[in-house]
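File shown: final.cif. Contents: mmCIF, C-alpha atoms.
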data_protein
loop_
_atom_site.label_atom_id
_atom_site.label_comp_id
_atom_site.auth_asym_id
_atom_site.auth_seq_id
_atom_site.Cartn_x
_atom_site.Cartn_y
_atom_site.Cartn_z
CA SER A 13 -21.11 -72.06 -6.31
CA GLU A 14 -19.43 -74.22 -3.68
CA GLU A 15 -16.10 -73.65 -5.37
CA LYS A 16 -16.75 -69.91 -5.43
CA GLN A 17 -17.55 -69.93 -1.71
CA GLN A 18 -14.35 -71.82 -1.03
CA ARG A 19 -12.35 -69.33 -3.07
CA GLU A 20 -13.92 -66.42 -1.16
CA SER A 21 -13.19 -68.00 2.20
CA PHE A 22 -9.53 -68.41 1.27
CA SER A 23 -9.12 -64.88 -0.13
CA ILE A 24 -5.97 -63.18 1.13
CA PRO A 25 -6.78 -60.32 3.49
CA LYS A 26 -5.70 -56.87 2.29
CA SER A 27 -2.51 -55.70 3.96
CA PRO A 28 -2.82 -52.46 5.93
CA PRO A 29 -1.46 -49.36 4.17
CA PRO A 30 2.15 -48.44 4.95
CA PRO A 31 2.72 -45.95 7.79
CA GLN A 32 3.77 -43.22 5.35
CA THR A 33 0.41 -43.44 3.54
CA LEU A 34 -1.42 -43.32 6.87
CA ALA A 35 0.58 -40.27 7.91
CA LYS A 36 -0.28 -38.59 4.61
CA LEU A 37 -3.99 -39.33 5.05
CA ARG A 38 -3.91 -38.06 8.62
CA SER A 39 -2.14 -34.89 7.46
CA GLN A 40 -4.77 -34.32 4.74
CA GLN A 41 -7.57 -34.77 7.28
CA GLN A 42 -5.91 -32.29 9.62
CA LEU A 43 -5.57 -29.77 6.80
CA GLN A 44 -9.26 -30.15 5.92
CA MET A 45 -10.10 -29.52 9.56
CA PHE A 46 -7.73 -26.55 9.55
CA TRP A 47 -9.50 -24.90 6.59
CA ALA A 48 -12.93 -25.59 8.07
CA GLU A 49 -11.77 -23.96 11.31
CA GLN A 50 -10.43 -20.94 9.40
CA TYR A 51 -13.79 -20.46 7.71
CA ARG A 52 -15.57 -20.74 11.07
CA GLU A 53 -13.26 -18.11 12.55
CA ILE A 54 -13.94 -15.76 9.64
CA GLU A 55 -17.69 -16.23 10.10
CA ALA A 56 -17.27 -15.25 13.74
CA THR A 57 -15.12 -12.18 12.99
CA THR A 58 -16.60 -8.85 14.03
CA ASP A 59 -13.45 -6.82 14.72
CA PHE A 60 -11.77 -5.47 11.60
CA LYS A 61 -9.88 -2.73 13.43
CA ASN A 62 -7.25 -4.85 15.20
CA HIS A 63 -5.07 -7.16 13.15
CA ASN A 64 -2.30 -9.59 14.04
CA LEU A 65 -0.11 -8.07 11.31
CA PRO A 66 0.52 -4.35 10.69
CA LEU A 67 -1.43 -2.98 7.72
CA ALA A 68 1.10 -0.20 7.06
CA ARG A 69 3.91 -2.74 6.63
CA ILE A 70 1.76 -4.87 4.32
CA LYS A 71 1.03 -1.77 2.24
CA LYS A 72 4.77 -1.00 2.05
CA ILE A 73 5.50 -4.50 0.76
CA MET A 74 2.72 -4.12 -1.82
CA LYS A 75 4.05 -0.71 -2.85
CA ALA A 76 7.50 -2.22 -3.45
CA ASP A 77 6.07 -3.38 -6.79
CA GLU A 78 6.59 -0.45 -9.17
CA ASP A 79 3.49 -1.37 -11.20
CA VAL A 80 1.22 -0.86 -8.19
CA ARG A 81 -0.18 2.67 -8.30
CA MET A 82 -2.97 2.89 -5.76
CA ILE A 83 -4.18 0.46 -3.12
CA ALA A 84 -7.73 0.37 -1.77
CA ALA A 85 -8.03 0.42 2.03
CA GLU A 86 -9.59 -3.05 1.98
CA ALA A 87 -6.64 -4.71 0.18
CA PRO A 88 -4.19 -4.69 3.14
CA VAL A 89 -7.04 -5.83 5.42
CA VAL A 90 -7.62 -8.87 3.17
CA PHE A 91 -3.88 -9.51 3.03
CA ALA A 92 -3.50 -9.31 6.82
CA ARG A 93 -5.94 -12.21 7.23
CA ALA A 94 -4.61 -14.13 4.22
CA CYS A 95 -1.02 -13.83 5.49
CA GLU A 96 -2.12 -15.10 8.88
CA MET A 97 -3.68 -18.13 7.18
CA PHE A 98 -0.55 -18.59 5.06
CA ILE A 99 1.70 -18.58 8.16
CA LEU A 100 -0.59 -21.04 9.92
CA GLU A 101 -0.75 -23.39 6.93
CA LEU A 102 2.99 -23.40 6.29
CA THR A 103 3.70 -23.87 10.01
CA HIS A 104 1.18 -26.73 10.13
CA ARG A 105 2.83 -28.46 7.18
CA GLY A 106 6.29 -27.84 8.60
CA TRP A 107 5.30 -29.24 11.98
CA ALA A 108 4.16 -32.48 10.31
CA HIS A 109 7.72 -32.83 8.98
CA ALA A 110 9.23 -32.09 12.40
CA GLU A 111 7.03 -34.77 13.97
CA GLU A 112 8.13 -37.28 11.34
CA ASN A 113 11.67 -36.65 12.55
CA LYS A 114 10.56 -37.00 16.20
CA ARG A 115 11.43 -33.37 16.95
CA ARG A 116 9.64 -30.81 19.08
CA THR A 117 11.40 -27.79 17.57
CA LEU A 118 10.30 -26.37 14.24
CA GLN A 119 13.35 -25.67 12.10
CA LYS A 120 14.09 -24.01 8.78
CA SER A 121 14.49 -27.46 7.20
CA ASP A 122 10.89 -28.29 8.18
CA ILE A 123 9.60 -25.23 6.35
CA ALA A 124 11.85 -26.12 3.41
CA ALA A 125 10.37 -29.63 3.33
CA ALA A 126 6.81 -28.26 3.52
CA ILE A 127 7.55 -25.97 0.56
CA ALA A 128 9.09 -28.82 -1.46
CA ARG A 129 6.11 -31.11 -0.80
CA THR A 130 3.42 -28.56 -1.72
CA GLU A 131 3.02 -27.57 -5.36
CA VAL A 132 1.32 -24.25 -4.64
CA PHE A 133 4.42 -23.11 -2.69
CA ASP A 134 6.69 -23.43 -5.73
CA PHE A 135 7.06 -19.64 -5.84
CA LEU A 136 9.12 -19.88 -2.62
CA VAL A 137 11.91 -22.03 -4.09
CA ASP A 138 14.26 -19.03 -4.30
CA ILE A 139 13.89 -18.34 -0.59
CA VAL A 140 14.48 -21.93 0.49
CA PRO A 141 16.80 -23.61 -2.03
CA ARG A 142 15.68 -26.93 -3.49
CA ASP A 143 18.79 -28.70 -2.11
CA ASP A 144 17.88 -27.83 1.49
CA ALA A 145 14.38 -29.14 0.97
CA LYS A 146 15.63 -32.33 -0.70
CA ASP A 147 18.09 -32.95 2.14
CA ALA A 148 15.35 -32.43 4.71
CA ASP A 149 13.01 -34.83 2.91
CA ALA A 150 15.74 -37.41 2.34
CA ALA A 151 16.64 -37.33 6.03
CA ALA A 152 12.98 -37.79 6.96
CA ALA A 153 12.55 -40.71 4.55
CA ALA A 154 15.73 -42.34 5.82
CA ALA A 155 14.64 -41.98 9.42
CA ALA A 156 11.22 -43.45 8.62
CA ALA A 157 12.76 -46.42 6.81
CA GLY A 158 15.42 -46.99 9.48
CA ILE A 159 18.23 -46.51 6.99
CA PRO A 160 21.61 -45.97 8.66
CA ARG A 161 23.00 -42.46 8.77
CA PRO A 162 26.48 -41.13 9.60
CA ALA A 163 27.37 -40.72 13.24
CA ALA A 164 27.78 -37.18 14.50
CA GLY A 165 31.15 -35.60 13.79
CA VAL A 166 32.28 -38.35 11.43
CA PRO A 167 32.48 -37.73 7.67
CA ALA A 168 29.85 -39.55 5.63
CA THR A 169 32.53 -41.06 3.39
CA ASP A 170 33.85 -43.19 6.27
CA PRO A 171 32.41 -46.71 5.80
CA LEU A 172 32.42 -47.26 9.58
CA ALA A 173 30.58 -44.05 10.29
CA TYR A 174 27.08 -45.53 10.14
CA TYR A 175 24.82 -46.72 12.88
CA TYR A 176 21.24 -47.96 12.84
CA VAL A 177 18.48 -45.85 14.32
CA PRO A 178 16.22 -48.14 16.34
CA GLN A 179 12.54 -47.91 15.43
CA GLN A 180 10.44 -46.34 18.19
CA MET B 25 54.10 26.00 6.77
CA ALA B 26 53.51 23.31 9.32
CA ASP B 27 50.26 25.02 10.21
CA HIS B 28 49.26 24.98 6.58
CA HIS B 29 49.91 21.24 6.33
CA GLY B 30 48.15 20.71 9.64
CA GLY B 31 45.12 22.56 8.30
CA HIS B 32 45.03 20.37 5.22
CA HIS B 33 45.35 17.29 7.39
CA ALA B 34 42.50 18.42 9.64
CA ASP B 35 40.28 19.14 6.61
CA GLY B 36 41.07 15.75 5.16
CA HIS B 37 40.28 14.06 8.45
CA ARG B 38 37.01 15.97 8.74
CA ARG B 39 36.09 15.02 5.16
CA GLN B 40 36.89 11.37 5.88
CA GLN B 41 34.69 11.45 8.98
CA GLN B 42 31.91 13.05 6.94
CA LEU B 43 32.16 10.33 4.29
CA GLN B 44 32.17 7.64 6.97
CA GLY B 45 29.12 9.24 8.54
CA GLU B 46 27.32 9.31 5.19
CA ALA B 47 28.22 5.67 4.57
CA ALA B 48 26.91 4.76 8.01
CA ASP B 49 23.67 6.66 7.34
CA GLN B 50 23.32 4.91 4.00
CA ALA B 51 23.91 1.53 5.63
CA ALA B 52 21.35 2.37 8.32
CA ALA B 53 18.86 3.42 5.65
CA GLU B 54 19.42 0.13 3.83
CA ILE B 55 18.88 -1.78 7.08
CA ILE B 56 15.64 0.12 7.64
CA LYS B 57 14.57 -0.65 4.08
CA GLU B 58 15.43 -4.31 4.62
CA GLN B 59 13.31 -4.35 7.77
CA ASP B 60 10.44 -2.59 5.99
CA ARG B 61 10.48 -5.39 3.44
CA LEU B 62 9.54 -7.93 6.12
CA LEU B 63 6.68 -8.25 8.58
CA PRO B 64 7.68 -8.00 12.27
CA ILE B 65 9.25 -11.23 13.53
CA ALA B 66 7.38 -11.02 16.86
CA ASN B 67 3.99 -10.97 15.09
CA VAL B 68 5.01 -13.80 12.77
CA GLY B 69 6.26 -15.90 15.69
CA ARG B 70 3.05 -15.27 17.65
CA ILE B 71 0.92 -16.53 14.75
CA MET B 72 3.14 -19.59 14.27
CA LYS B 73 2.73 -20.50 17.95
CA GLN B 74 -1.07 -20.49 17.61
CA ILE B 75 -1.14 -23.72 15.62
CA LEU B 76 1.64 -25.60 17.43
CA PRO B 77 1.23 -27.65 20.61
CA PRO B 78 2.19 -25.85 23.85
CA ASN B 79 5.42 -27.84 24.29
CA ALA B 80 6.64 -27.03 20.76
CA LYS B 81 9.49 -24.63 20.10
CA ILE B 82 10.35 -22.56 17.03
CA SER B 83 13.92 -21.80 15.99
CA LYS B 84 14.86 -18.20 15.17
CA GLU B 85 15.91 -19.38 11.71
CA ALA B 86 12.43 -20.83 11.11
CA LYS B 87 10.80 -17.51 12.07
CA GLU B 88 13.15 -15.59 9.78
CA THR B 89 12.41 -17.99 6.92
CA MET B 90 8.69 -17.53 7.52
CA GLN B 91 9.14 -13.74 7.42
CA GLU B 92 10.76 -14.05 3.99
CA CYS B 93 8.05 -16.42 2.79
CA VAL B 94 5.22 -14.11 3.86
CA SER B 95 6.78 -11.10 2.12
CA GLU B 96 7.21 -13.17 -1.02
CA PHE B 97 3.58 -14.30 -0.75
CA ILE B 98 2.38 -10.67 -0.57
CA SER B 99 4.55 -9.65 -3.53
CA PHE B 100 3.51 -12.69 -5.58
CA VAL B 101 -0.22 -12.14 -5.09
CA THR B 102 0.05 -8.35 -5.44
CA GLY B 103 1.85 -8.77 -8.75
CA GLU B 104 -0.97 -10.90 -10.13
CA ALA B 105 -3.66 -8.54 -8.81
CA SER B 106 -1.78 -5.56 -10.24
CA ASP B 107 -1.54 -7.22 -13.67
CA LYS B 108 -5.31 -7.67 -13.65
CA CYS B 109 -5.80 -3.98 -12.85
CA HIS B 110 -3.38 -3.00 -15.59
CA LYS B 111 -5.20 -5.13 -18.17
CA GLU B 112 -8.54 -3.67 -17.12
CA LYS B 113 -7.08 -0.13 -17.19
CA ARG B 114 -7.71 0.47 -13.49
CA LYS B 115 -5.34 2.25 -11.14
CA THR B 116 -6.46 0.89 -7.78
CA VAL B 117 -5.86 -2.63 -6.50
CA ASN B 118 -8.89 -3.63 -4.41
CA GLY B 119 -9.96 -6.62 -2.32
CA ASP B 120 -11.67 -8.35 -5.25
CA ASP B 121 -8.43 -8.25 -7.24
CA VAL B 122 -6.54 -9.84 -4.35
CA CYS B 123 -9.17 -12.58 -3.94
CA TRP B 124 -9.13 -13.23 -7.69
CA ALA B 125 -5.32 -13.48 -7.62
CA PHE B 126 -5.51 -16.19 -4.91
CA GLY B 127 -7.55 -18.35 -7.25
CA ALA B 128 -5.47 -17.55 -10.32
CA LEU B 129 -2.26 -18.56 -8.53
CA GLY B 130 -3.66 -21.84 -7.21
CA PHE B 131 -4.45 -20.82 -3.63
CA ASP B 132 -7.91 -22.34 -3.98
CA ASP B 133 -8.36 -22.86 -0.23
CA TYR B 134 -7.94 -19.13 0.35
CA VAL B 135 -10.56 -17.92 -2.12
CA ASP B 136 -13.84 -18.67 -0.30
CA PRO B 137 -12.71 -17.68 3.20
CA MET B 138 -11.17 -14.45 1.92
CA ARG B 139 -14.21 -13.52 -0.18
CA ARG B 140 -16.38 -14.06 2.89
CA TYR B 141 -13.97 -11.98 4.99
CA LEU B 142 -13.98 -9.17 2.41
CA ASN B 143 -17.77 -9.14 2.21
CA LYS B 144 -18.05 -9.03 6.01
CA TYR B 145 -15.55 -6.16 6.10
CA ARG B 146 -17.51 -4.26 3.46
CA GLU B 147 -20.81 -4.84 5.26
CA LEU B 148 -19.32 -3.53 8.48
CA GLU B 149 -17.75 -0.53 6.74
CA GLY B 150 -21.07 0.18 5.03
CA ASP B 151 -22.89 0.06 8.36
CA ARG B 152 -20.28 2.36 9.89
CA ALA B 153 -20.61 4.84 7.01
CA ALA B 154 -24.40 4.76 7.29
CA ALA B 155 -24.19 5.33 11.05
CA ALA B 156 -21.83 8.26 10.50
CA ALA B 157 -24.20 9.72 7.90
CA THR B 158 -27.15 9.35 10.28
CA SER B 159 -25.30 11.06 13.11
CA ARG B 160 -24.32 13.89 10.75
CA SER B 161 -27.91 14.35 9.54
CA GLY B 162 -29.02 14.38 13.17
CA ALA B 163 -26.62 17.22 13.84
CA GLY B 164 -28.00 19.01 10.78
CA ALA B 165 -31.57 18.77 12.08
CA ALA B 166 -30.47 20.32 15.36
CA ALA B 167 -29.08 23.27 13.41
CA GLY B 168 -32.60 24.10 12.25
CA PRO B 169 -34.31 24.02 8.83
CA ASP B 170 -33.15 27.51 7.86
CA HIS B 171 -29.48 26.67 8.45
CA PRO B 172 -28.90 23.13 7.29
CA SER B 173 -25.32 22.02 7.76
CA SER B 174 -23.29 21.09 4.69
CA SER B 175 -22.42 17.74 6.28
CA SER B 176 -26.08 16.84 6.70
CA SER B 177 -26.86 17.71 3.09
CA ALA B 178 -23.91 15.57 2.00
CA ALA B 179 -25.16 12.73 4.16
CA ALA B 180 -28.64 13.06 2.71
CA ALA B 181 -27.23 13.09 -0.80
CA THR B 182 -25.32 9.88 -0.12
CA ALA B 183 -28.49 8.37 1.29
CA GLY B 184 -30.19 9.12 -2.02
CA HIS B 185 -32.55 11.85 -0.75
CA PHE B 186 -33.17 15.26 -2.29
CA MET B 187 -32.55 18.18 -0.04
CA PHE B 188 -33.38 21.77 -0.78
CA ASN B 189 -31.78 24.66 0.99
CA ALA B 190 -33.82 27.69 2.00
CA MET B 191 -32.13 29.62 -0.81
CA ASP B 192 -33.22 27.06 -3.38
CA ARG B 193 -36.84 27.19 -2.33
CA SER B 194 -38.93 29.69 -4.25
CA THR B 195 -40.79 32.21 -2.11
CA ASP B 196 -42.72 33.64 -5.05
CA SER B 197 -46.37 32.73 -4.35
CA SER B 198 -47.44 33.69 -7.88
CA ARG B 199 -45.49 30.75 -9.35
CA GLN B 200 -47.74 27.90 -10.36
CA PHE B 201 -46.52 24.29 -10.08
#

With the file now loaded, output its structure as structure tokens.
Amino acid sequence: SEEKQQRESFSIPKSPPPPQTLAKLRSQQQLQMFWAEQYREIEATTDFKNHNLPLARIKKIMKADEDVRMIAAEAPVVFARACEMFILELTHRGWAHAEENKRRTLQKSDIAAAIARTEVFDFLVDIVPRDDAKDADAAAAAAAAGIPRPAAGVPATDPLAYYYVPQQ
Amino acid sequence: MADHHGGHHADGHRRQQQLQGEAADQAAAEIIKEQDRLLPIANVGRIMKQILPPNAKISKEAKETMQECVSEFISFVTGEASDKCHKEKRKTVNGDDVCWAFGALGFDDYVDPMRRYLNKYRELEGDRAAAAATSRSGAGAAAGPDHPSSSSSAAAATAGHFMFNAMDRSTDSSRQF
């Protein structure tokens, strides 16, 4: 028992998780909060007349499918709210990528990265090509790891074109 | 002779202008169609801003990408909902079909909030319809029992009541019930 106590006292403390894992956990928590907030907002909704997106335009997009014959009045109303949630979610995920790159401007590459990282958004791969998303993610990973990247205006093939990004 | 050639030339020029005009109209129509395919960029940008911190900015390219994504989202979900209707031999895509499609396509987080939203919308629409029916039946009562309005009888029918017009009522006192 004494030996066991000794062994326990000398046990190596667990190393803290890497910053990327922490960022992922934080992002998941934020998304959970986001969905909870969305549900709360829906519970509080009383106005179904005014929408943030035009119902007529939504109906036109739905009608673009030749198989769609008739659309119930409630369908575009549901879509208006669902599209709002979709925009918010994709923006939220894209912003996480922008923050990883220490940027305050949301760019197309951020949305591309959000699509690439989220399985349910696979249907959007034709809109944002895989290569763009991969490049965006690779750049983010490189920046996080402090890997050198080519200096502006110098071709990447130049062996002297790299500089180290100091960790902030 | 020169006049004759000049006339031909003028006709040709006019025809060319007409063709150019038609091409321009066609191009304009295509642009309109292209715009109809997307939700307004101002609305999309406004929604995007809601979730970002006040000091954040959004590039025009990001807004345009989001426009494309949202249209694709609508088409993707509509396609699935439409397939369900087709299989069930129904012609109308309703809110339940859309909510079902969210789940079928893996948008699990959307299902419960959207079902709740749909139910709330239906409750409110039901209340509005009932209120409209009540107001119509009120107007019918004001018209008097001998001249019930058609709208009030329709409202009563929807409410599940029986309503007899003066013409339907038997005035023969000899009839035994």

Q. Quick one: which residues end up in the PyMOL selection byres ((chain A and resi 59-74) around 8) for this structure, as JSON, numbers by chain?
A. {"A": [57, 58, 75, 76, 77, 80, 83, 88, 89, 91, 92, 93, 96], "B": [60, 61, 62, 63, 64, 67, 68, 71, 95, 98, 99, 102, 145]}

Min atom-atom distance to Arg140 (chain B) from the set B:Cys93, B:Cys123, B:Val117, B:Ala154, counting all atoms listed in the file, belongs to B:Cys123

- request: Could you give me, as an NGL selection string, the residues within 9 Å of Asp122 (chain A), counting all atoms listed in the file and dropping anything in the same chain fewer than 3 positions from it?
  value: (:A and (103 or 105-110 or 118-119 or 125-127 or 145 or 148-149)) or (:B and (86))

Min atom-atom distance to chain A from the set B:Glu147, B:Glu85, B:Glu104, B:Glu112, counting all atoms listed in the file, belongs to B:Glu85

- [ ] Quick one: pull the distance between CA of Tyr51 (chain A) and CA of Gln74 (chain B), Å, one decimal.
- [x]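 Answer for the CA of Tyr51 (chain A) to CA of Gln74 (chain B) separation: 16.1 Å.
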
For this session: For the structure shown, which residues end up in the PyMOL selection byres ((chain A and resi 139) around 8)? Put them as a list in words, please?
Result: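 On this input, the PyMOL selection byres ((chain A and resi 139) around 8) captures Leu136, Val137, Asp138, Val140 and Pro141 of chain A; Thr89, Glu92 and Cys93 of chain B.
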
Between CA of Phe97 (chain B) and CA of Val135 (chain B), what is the distance in Å, rounded to a tenth?
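One can read the CA of Phe97 (chain B) to CA of Val135 (chain B) distance as 14.7 Å.
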